[in-house]
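Peer 1: Quick one: this structure, given as structure tokens, is what I'll be asking you about.
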Amino acid sequence: MLTRSLLLLMAVATGLTVGGNYVNQPLLDTIAADLGVRQGSAATLVTTAQVSYGLGLLLVVPLGDLLERRRLLTALALLAAAGHAVCAVATSFPVLLVGTAVAGLFSVAAQVLVPFAAELAEPGRAGRAVGTVMSGLLVGALLARSASGALADVAGWHAPYAVVAAGLVLLALVLRRRLPVSVPRRVGGYRATLASTAALVRAEPRLRTRALLGAAGFAGVSVLFSTMTFLLAGERFGLSDGAIGLIALVGAGAALAASLAGRMADAGRTQLATGAGALLLVASWAALGLSASDALTSLVLFVAGFAVADLGLQMVHVSNQNVIYPLRPDARARLNSAYMTTYFAGGALGSAAGSAAWIAGGWGAVTAVGAAFALLTTALWLVDVRAERRVRPPAGELSPAGAGAPR
């Protein structure tokens, strides 16, 4: 049974495990200067974290249907802590890249926790459970950026990594003590589990459309994440690491969006939540594009655009998860693996595209690329609307998930 205290623990755990991947974002300019690498090279830390996270989603998350989850989650938290510990002592860029890759690979514990929460929730409340846990993930990412910048101003850029490593060790102990023992949902070996994940992608058209929709949305926001530090630390704004990290706090409202999207899913308004999120992503790039103008309100426009981008992405992402989990309730970890692998592949593509755009044409080119991904997200939402109509069950017939399934 999913009690309030257990749900809160799962939300905190999700926030800490994923949040560690975001500590580098306000530090990129400082890392580049300290380790003697170009800004574009420093930005590859964001891409590396996303690529390794994507590999973890593909190769590790399906184990959530194969292994006992409490033991799996404890091990993943400890391995992610080891990666951050490497970053904390890194004195060269290659070592920092290795630590980032290890931490990203095993921080996918968060994506074992999300479907676990949906499974433990009472009937008709899975959307709320997913929304709450995803709110924890978002708050963790926001606090990681903000606290990382502030801590780096005081103790140097290595310090945030050390704090995250220690926090993950403590988290592993708490998860071992508090999580319920689970019964594996799949019988068979690891290779068979991976093969069945690919089979789910082939068999479920809405898994495909929602995965591509999420990938496009995250790609656009990753364009912003991978370049914003260079804009804000540059000549126009001249902000410190701490000030850049504090800007992330304006995205706190997106945590409420995650909860709202979950409630809308329980009420059968998933498509409305997705469409609203896609349109917010488009609107965010309008504000972000204007932020590099000579207007006195340019920083205000940037902050507003950043907040709206976070808000829109969470509306899209949480509604996506509430569509895919009911497709095959006995395969939630594998569904989540397929979806999140595609999602983070989009994020890695966006980070790489953002870095290339910054080098090629500065903020104007970044804005054009980000806006293109936002428009693609909207187009894919319309494709999913059509896909839903083709697979919608006849009137009066319940979907496989029963009450509370997306409509």
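Residues in the structure tokens are numbered from 1 in each chain, the chains being A, B, ... in the order shown, and ligands are numbered from 1 in the order shown.
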Which residues of segment 26-53 of chain A have any atom within 12 Å of an atom in segment 145-164 of chain A when counting only C-alpha atoms, and what is the closest pair of atoms for each, with the distance in Å to one decimal? Order the rows by chain and rising number and write it as a tab-separated table.

Peer 2:
residue	atom	partner	partner_atom	distance
A:Pro26	CA	A:Gly149	CA	5.7
A:Leu27	CA	A:Gly149	CA	6.6
A:Leu28	CA	A:Trp157	CA	9.4
A:Asp29	CA	A:Trp157	CA	10.5
A:Thr30	CA	A:Trp157	CA	7.5
A:Ile31	CA	A:Trp157	CA	7.2
A:Ala32	CA	A:Trp157	CA	11.0
A:Ala33	CA	A:Trp157	CA	11.3
A:Asp34	CA	A:Trp157	CA	9.3
A:Leu35	CA	A:Trp157	CA	11.1

Peer 1: Might you pull out every residue within 8 Å of Leu7 of chain A, with only C-alpha atoms counted and same-chain residues fewer than 3 positions away left off, and present them as a list in words?

Peer 2: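 Once the adjacent positions are removed, what remains is Leu2, Thr3, Arg4, Met10, Ala11, Ala117, Ala129, Thr132 and Val133 of chain A.
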
Peer 1: May I have the selected residues written with C-alpha atoms, as a PDB file, in the first residue's frame?

Peer 2:
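Here's the written file result.pdb:
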ATOM      1  CA  LEU A   2       1.254   3.470  -0.881  1.00  0.00           C
ATOM      2  CA  THR A   3       1.070   5.577   2.295  1.00  0.00           C
ATOM      3  CA  ARG A   4       1.587   9.327   2.290  1.00  0.00           C
ATOM      4  CA  MET A  10       9.794   8.108  -3.182  1.00  0.00           C
ATOM      5  CA  ALA A  11       9.409  11.714  -4.353  1.00  0.00           C
ATOM      6  CA  ALA A 117       4.595   4.277  -7.214  1.00  0.00           C
ATOM      7  CA  ALA A 129       0.962   9.196  -7.432  1.00  0.00           C
ATOM      8  CA  THR A 132       3.621  13.612  -6.893  1.00  0.00           C
ATOM      9  CA  VAL A 133       6.757  11.585  -7.576  1.00  0.00           C
TER      10      VAL A 133
END

Peer 1: Would you list the contacts of segment 363-380 of chain A as a PyMOL selection string, taking every protein, DNA or RNA residue within 9 Å and counting only C-alpha atoms, but skipping same-chain residues closer than 4 positions in sequence?

Peer 2: chain A and resi 209-210+212-224+227-228+231+274-275+277-286+288-289+292+350+353-359+384-385

Peer 1: One decimal, Å: what's the distance from atom CA of Ala192 of chain A over to atom CA of Met340 of chain A, could you say?

Peer 2: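 Computed distance, atom CA of Ala192 of chain A to atom CA of Met340 of chain A, equals 19.4 Å.
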
Peer 1: Looking at A:Leu105, A:Leu335, A:Ala243, A:Leu232, which one is nearest to Leu200 of chain A, with distances taken over only C-alpha atoms?

Peer 2: A:Leu335

Peer 1: Taking only C-alpha atoms into account, name the residue in A:Thr47, A:Gly36, A:Arg208, A:Leu179 that is nearest to Thr342 of chain A.

Peer 2: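 That would be A:Arg208, the residue with the smallest distance to Thr342 of chain A.
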
Peer 1: With only C-alpha atoms as the atoms that count, which of A:Leu382, A:Leu16, A:Leu58, A:Gly234 lies nearest to Ala103 of chain A?

Peer 2: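 Of A:Leu382, A:Leu16, A:Leu58, A:Gly234, the one nearest Ala103 of chain A is A:Leu16, counting only C-alpha atoms.
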
Peer 1: In terms of the shortest atom-to-atom distance over only C-alpha atoms, which of A:Ala166, A:Leu349, A:Leu301, A:Ala333 is closest to Thr193 of chain A?

Peer 2: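 Looking at the shortest contact to Thr193 of chain A, the residue is A:Ala333.
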
Peer 1: From the list A:Leu299, A:Ala81, A:Arg269, A:Thr14, which residue is nearest Ser135 of chain A when using only C-alpha atoms?

Peer 2: A:Thr14

Peer 1: DSSP on the backbone, helix (DSSP H, G or I) only: what residues of segment 124-194 of chain A does that give? Format it as an MDAnalysis selection string.

Peer 2: chainID A and resid 126:155 159:178 190:194

Peer 1: Just write the chosen residues, C-alpha atoms, as a PDB file, in the first residue's frame.

Peer 2:
ATOM      1  CA  ALA A 126      -2.168   6.296 -10.069  1.00  0.00           C
ATOM      2  CA  GLY A 127      -2.103   9.654 -11.874  1.00  0.00           C
ATOM      3  CA  ARG A 128      -1.801  11.534  -8.595  1.00  0.00           C
ATOM      4  CA  ALA A 129       0.962   9.196  -7.432  1.00  0.00           C
ATOM      5  CA  VAL A 130       2.937   9.672 -10.645  1.00  0.00           C
ATOM      6  CA  GLY A 131       2.385  13.438 -10.491  1.00  0.00           C
ATOM      7  CA  THR A 132       3.621  13.612  -6.893  1.00  0.00           C
ATOM      8  CA  VAL A 133       6.757  11.585  -7.576  1.00  0.00           C
ATOM      9  CA  MET A 134       7.455  13.590 -10.718  1.00  0.00           C
ATOM     10  CA  SER A 135       7.027  16.786  -8.690  1.00  0.00           C
ATOM     11  CA  GLY A 136       9.788  15.494  -6.444  1.00  0.00           C
ATOM     12  CA  LEU A 137      11.951  14.877  -9.491  1.00  0.00           C
ATOM     13  CA  LEU A 138      11.397  18.416 -10.750  1.00  0.00           C
ATOM     14  CA  VAL A 139      12.012  20.041  -7.379  1.00  0.00           C
ATOM     15  CA  GLY A 140      15.189  17.988  -7.071  1.00  0.00           C
ATOM     16  CA  ALA A 141      16.414  19.225 -10.444  1.00  0.00           C
ATOM     17  CA  LEU A 142      15.591  22.825  -9.534  1.00  0.00           C
ATOM     18  CA  LEU A 143      17.249  22.678  -6.124  1.00  0.00           C
ATOM     19  CA  ALA A 144      20.269  20.897  -7.582  1.00  0.00           C
ATOM     20  CA  ARG A 145      20.873  23.757 -10.023  1.00  0.00           C
ATOM     21  CA  SER A 146      20.274  26.452  -7.406  1.00  0.00           C
ATOM     22  CA  ALA A 147      22.175  24.865  -4.525  1.00  0.00           C
ATOM     23  CA  SER A 148      25.005  23.853  -6.836  1.00  0.00           C
ATOM     24  CA  GLY A 149      25.605  27.424  -7.972  1.00  0.00           C
ATOM     25  CA  ALA A 150      25.406  28.825  -4.447  1.00  0.00           C
ATOM     26  CA  LEU A 151      27.691  26.146  -2.999  1.00  0.00           C
ATOM     27  CA  ALA A 152      30.211  26.582  -5.820  1.00  0.00           C
ATOM     28  CA  ASP A 153      30.442  30.308  -5.060  1.00  0.00           C
ATOM     29  CA  VAL A 154      31.492  29.425  -1.496  1.00  0.00           C
ATOM     30  CA  ALA A 155      33.448  26.183  -1.769  1.00  0.00           C
ATOM     31  CA  ALA A 159      31.738  20.713  -3.575  1.00  0.00           C
ATOM     32  CA  PRO A 160      28.256  20.122  -5.093  1.00  0.00           C
ATOM     33  CA  TYR A 161      29.351  16.728  -6.390  1.00  0.00           C
ATOM     34  CA  ALA A 162      30.624  15.699  -2.940  1.00  0.00           C
ATOM     35  CA  VAL A 163      27.336  16.704  -1.299  1.00  0.00           C
ATOM     36  CA  VAL A 164      25.283  14.704  -3.804  1.00  0.00           C
ATOM     37  CA  ALA A 165      27.513  11.636  -3.332  1.00  0.00           C
ATOM     38  CA  ALA A 166      27.014  11.736   0.443  1.00  0.00           C
ATOM     39  CA  GLY A 167      23.271  12.278   0.057  1.00  0.00           C
ATOM     40  CA  LEU A 168      22.925   9.253  -2.218  1.00  0.00           C
ATOM     41  CA  VAL A 169      24.712   6.983   0.254  1.00  0.00           C
ATOM     42  CA  LEU A 170      22.284   8.089   2.966  1.00  0.00           C
ATOM     43  CA  LEU A 171      19.368   7.615   0.579  1.00  0.00           C
ATOM     44  CA  ALA A 172      20.443   4.042  -0.178  1.00  0.00           C
ATOM     45  CA  LEU A 173      20.268   3.210   3.537  1.00  0.00           C
ATOM     46  CA  VAL A 174      16.804   4.756   3.910  1.00  0.00           C
ATOM     47  CA  LEU A 175      15.410   3.017   0.819  1.00  0.00           C
ATOM     48  CA  ARG A 176      16.723  -0.307   2.087  1.00  0.00           C
ATOM     49  CA  ARG A 177      14.831   0.215   5.328  1.00  0.00           C
ATOM     50  CA  ARG A 178      11.550   1.779   4.140  1.00  0.00           C
ATOM     51  CA  TYR A 190      17.823 -10.344 -18.914  1.00  0.00           C
ATOM     52  CA  ARG A 191      18.056 -10.754 -22.699  1.00  0.00           C
ATOM     53  CA  ALA A 192      14.440 -11.890 -22.878  1.00  0.00           C
ATOM     54  CA  THR A 193      13.405  -8.866 -20.835  1.00  0.00           C
ATOM     55  CA  LEU A 194      15.200  -6.493 -23.201  1.00  0.00           C
TER      56      LEU A 194
END
